[in-house]
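Here the structure is laid out as structure tokens; the discussion comes afterwards.
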Amino acid sequence: MIRRPASVWTAAVVLALVAQVTAGQKPTVDVTGAWAVTITPSSGGTMTGLAILSQDGSKITGMIGPAETDMMPTEGTVEGNKVTLVTRPRTGRTAAFAKSELTATVDRMTGTIDTDKGSIEFIRKQRPKPSQPPK
């Protein structure tokens, strides 16, 4: 039997733990769907809009904007219940935020825009119930 110094085993255990901690957490929420968005800039007032998101594993893609007919691409990631979204305005357009960091639940996401420029809230939109055929 080969005896290895304790420091080698200690180093191996520490490296394994660091690898586990630094590896991204698996998503614990699915943000796929339509969301009503409210942005409250630090300067005051509020802006409302809509986001339509799709999630594949930890990757998010979608559209966000003030109206369904006036949207821009967004993309992001999910780690555990932490969501990061980045807007991609088209040429000649501006966005209310460049980056948003959120905490998500099944039907709500809240967080900040551009670190300290205000807050943002996403509320999952409920799908309308199909109408009943006349009897």
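How things are named: the first chain in the structure tokens is A, the next is B, and so on; residues count from 1 in each chain; ligands count from 1 in the order shown.
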Against stretch 42-56 of chain A, which residues of stretch 84-130 of chain A fall within 8 Å? For each one I want the closest pair of atoms and the distance in Å (one decimal), counting only C-alpha atoms, rows by chain and increasing residue number, as CSV.
```
residue,atom,partner,partner_atom,distance
A:Asp116,CA,A:Ser42,CA,7.7
A:Lys117,CA,A:Ser42,CA,5.3
A:Gly118,CA,A:Ser42,CA,4.5
A:Ser119,CA,A:Ser42,CA,7.6
```
- Query: If you run DSSP on this backbone, which residues of stretch 18-116 of chain A come out as strand (DSSP E), and could you give them as a ChimeraX atom specification?
  - Reply: /A:33-41,47-56,59-67,70-79,82-87,99-104,108-113
Residues from last step as file, C-alpha atoms, as a PDB file, in the first residue's frame:
```
ATOM      1  CA  GLY A  33     -44.059  32.064 -21.352  1.00  0.00           C
ATOM      2  CA  ALA A  34     -45.500  35.559 -21.507  1.00  0.00           C
ATOM      3  CA  TRP A  35     -44.773  38.042 -18.729  1.00  0.00           C
ATOM      4  CA  ALA A  36     -46.165  41.480 -17.841  1.00  0.00           C
ATOM      5  CA  VAL A  37     -43.178  43.719 -17.060  1.00  0.00           C
ATOM      6  CA  THR A  38     -43.038  46.801 -14.821  1.00  0.00           C
ATOM      7  CA  ILE A  39     -39.845  48.874 -14.642  1.00  0.00           C
ATOM      8  CA  THR A  40     -39.393  51.511 -11.944  1.00  0.00           C
ATOM      9  CA  PRO A  41     -36.326  53.654 -12.678  1.00  0.00           C
ATOM     10  CA  MET A  47     -42.829  51.829 -17.513  1.00  0.00           C
ATOM     11  CA  THR A  48     -44.830  48.774 -18.438  1.00  0.00           C
ATOM     12  CA  GLY A  49     -44.274  46.214 -21.136  1.00  0.00           C
ATOM     13  CA  LEU A  50     -44.294  42.598 -22.162  1.00  0.00           C
ATOM     14  CA  ALA A  51     -41.717  39.812 -22.345  1.00  0.00           C
ATOM     15  CA  ILE A  52     -42.095  36.532 -24.191  1.00  0.00           C
ATOM     16  CA  LEU A  53     -39.407  34.103 -23.064  1.00  0.00           C
ATOM     17  CA  SER A  54     -38.305  30.595 -23.936  1.00  0.00           C
ATOM     18  CA  GLN A  55     -35.992  28.482 -21.785  1.00  0.00           C
ATOM     19  CA  ASP A  56     -33.841  25.544 -22.883  1.00  0.00           C
ATOM     20  CA  LYS A  59     -30.378  29.365 -21.592  1.00  0.00           C
ATOM     21  CA  ILE A  60     -33.119  31.971 -22.112  1.00  0.00           C
ATOM     22  CA  THR A  61     -34.064  33.638 -25.396  1.00  0.00           C
ATOM     23  CA  GLY A  62     -37.002  35.835 -26.223  1.00  0.00           C
ATOM     24  CA  MET A  63     -38.388  39.271 -26.889  1.00  0.00           C
ATOM     25  CA  ILE A  64     -39.123  42.212 -24.590  1.00  0.00           C
ATOM     26  CA  GLY A  65     -40.609  45.647 -25.165  1.00  0.00           C
ATOM     27  CA  PRO A  66     -43.309  48.178 -24.372  1.00  0.00           C
ATOM     28  CA  ALA A  67     -45.864  46.385 -26.591  1.00  0.00           C
ATOM     29  CA  ASP A  70     -42.585  46.951 -30.442  1.00  0.00           C
ATOM     30  CA  MET A  71     -40.156  44.360 -29.068  1.00  0.00           C
ATOM     31  CA  MET A  72     -36.414  43.679 -29.120  1.00  0.00           C
ATOM     32  CA  PRO A  73     -34.404  40.493 -28.589  1.00  0.00           C
ATOM     33  CA  THR A  74     -33.343  39.462 -25.104  1.00  0.00           C
ATOM     34  CA  GLU A  75     -31.224  36.577 -23.914  1.00  0.00           C
ATOM     35  CA  GLY A  76     -30.004  35.313 -20.601  1.00  0.00           C
ATOM     36  CA  THR A  77     -29.341  32.492 -18.205  1.00  0.00           C
ATOM     37  CA  VAL A  78     -30.905  30.763 -15.217  1.00  0.00           C
ATOM     38  CA  GLU A  79     -28.873  29.332 -12.324  1.00  0.00           C
ATOM     39  CA  LYS A  82     -31.372  33.476 -10.317  1.00  0.00           C
ATOM     40  CA  VAL A  83     -32.095  34.897 -13.758  1.00  0.00           C
ATOM     41  CA  THR A  84     -29.934  37.286 -15.762  1.00  0.00           C
ATOM     42  CA  LEU A  85     -31.403  38.972 -18.858  1.00  0.00           C
ATOM     43  CA  VAL A  86     -29.584  41.159 -21.381  1.00  0.00           C
ATOM     44  CA  THR A  87     -31.383  43.225 -24.025  1.00  0.00           C
ATOM     45  CA  LYS A  99     -28.885  44.006 -18.015  1.00  0.00           C
ATOM     46  CA  SER A 100     -31.310  42.792 -15.370  1.00  0.00           C
ATOM     47  CA  GLU A 101     -30.582  40.465 -12.458  1.00  0.00           C
ATOM     48  CA  LEU A 102     -33.662  38.741 -11.037  1.00  0.00           C
ATOM     49  CA  THR A 103     -34.847  36.254  -8.458  1.00  0.00           C
ATOM     50  CA  ALA A 104     -37.575  34.015  -9.883  1.00  0.00           C
ATOM     51  CA  ARG A 108     -42.960  36.237 -10.485  1.00  0.00           C
ATOM     52  CA  MET A 109     -39.446  37.611 -11.054  1.00  0.00           C
ATOM     53  CA  THR A 110     -38.066  40.681  -9.288  1.00  0.00           C
ATOM     54  CA  GLY A 111     -34.712  42.381  -9.395  1.00  0.00           C
ATOM     55  CA  THR A 112     -32.636  45.324 -10.519  1.00  0.00           C
ATOM     56  CA  ILE A 113     -31.832  46.950 -13.830  1.00  0.00           C
TER      57      ILE A 113
END
```
- Message: Just to confirm, what's the straight-line distance from atom CA of A:Thr115 to atom CA of A:Thr69 in Å (one decimal)?
- Response: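 Atom CA of A:Thr69 lies at a distance of 27.8 Å from atom CA of A:Thr115.
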- Task: Any chance you could list, as a PyMOL selection string, the residues in stretch 16-95 of chain A that come up alpha helix (DSSP H) when DSSP is run on the backbone?
- Result: chain A and resi 16-22
Just N, CA and C atoms for this one: save the residues we selected as a compact mmCIF listing (two decimals), in the first residue's frame.
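out02.txt, written as the output of this step:
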```txt
# COMPACT_ATOMS: atom_id res chain seq x y z
N ALA A 16 -12.04 19.34 -5.56
CA ALA A 16 -13.35 18.77 -5.89
C ALA A 16 -14.47 19.67 -5.38
N LEU A 17 -14.34 20.19 -4.17
CA LEU A 17 -15.35 21.09 -3.61
C LEU A 17 -15.44 22.39 -4.40
N VAL A 18 -14.31 22.96 -4.78
CA VAL A 18 -14.30 24.19 -5.57
C VAL A 18 -14.99 23.96 -6.90
N ALA A 19 -14.74 22.82 -7.53
CA ALA A 19 -15.38 22.51 -8.81
C ALA A 19 -16.89 22.44 -8.65
N GLN A 20 -17.37 21.85 -7.56
CA GLN A 20 -18.81 21.76 -7.34
C GLN A 20 -19.42 23.13 -7.09
N VAL A 21 -18.75 23.97 -6.32
CA VAL A 21 -19.29 25.28 -5.98
C VAL A 21 -19.30 26.19 -7.21
N THR A 22 -18.25 26.14 -8.02
CA THR A 22 -18.17 27.04 -9.16
C THR A 22 -19.01 26.58 -10.34
```
- Item | Selected residue of minimal separation from A:Val29 among A:Thr91, A:Phe97, A:Val106, A:Ser58, counting only C-alpha atoms |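 Using only C-alpha atoms, the shortest distance to A:Val29 belongs to A:Val106.
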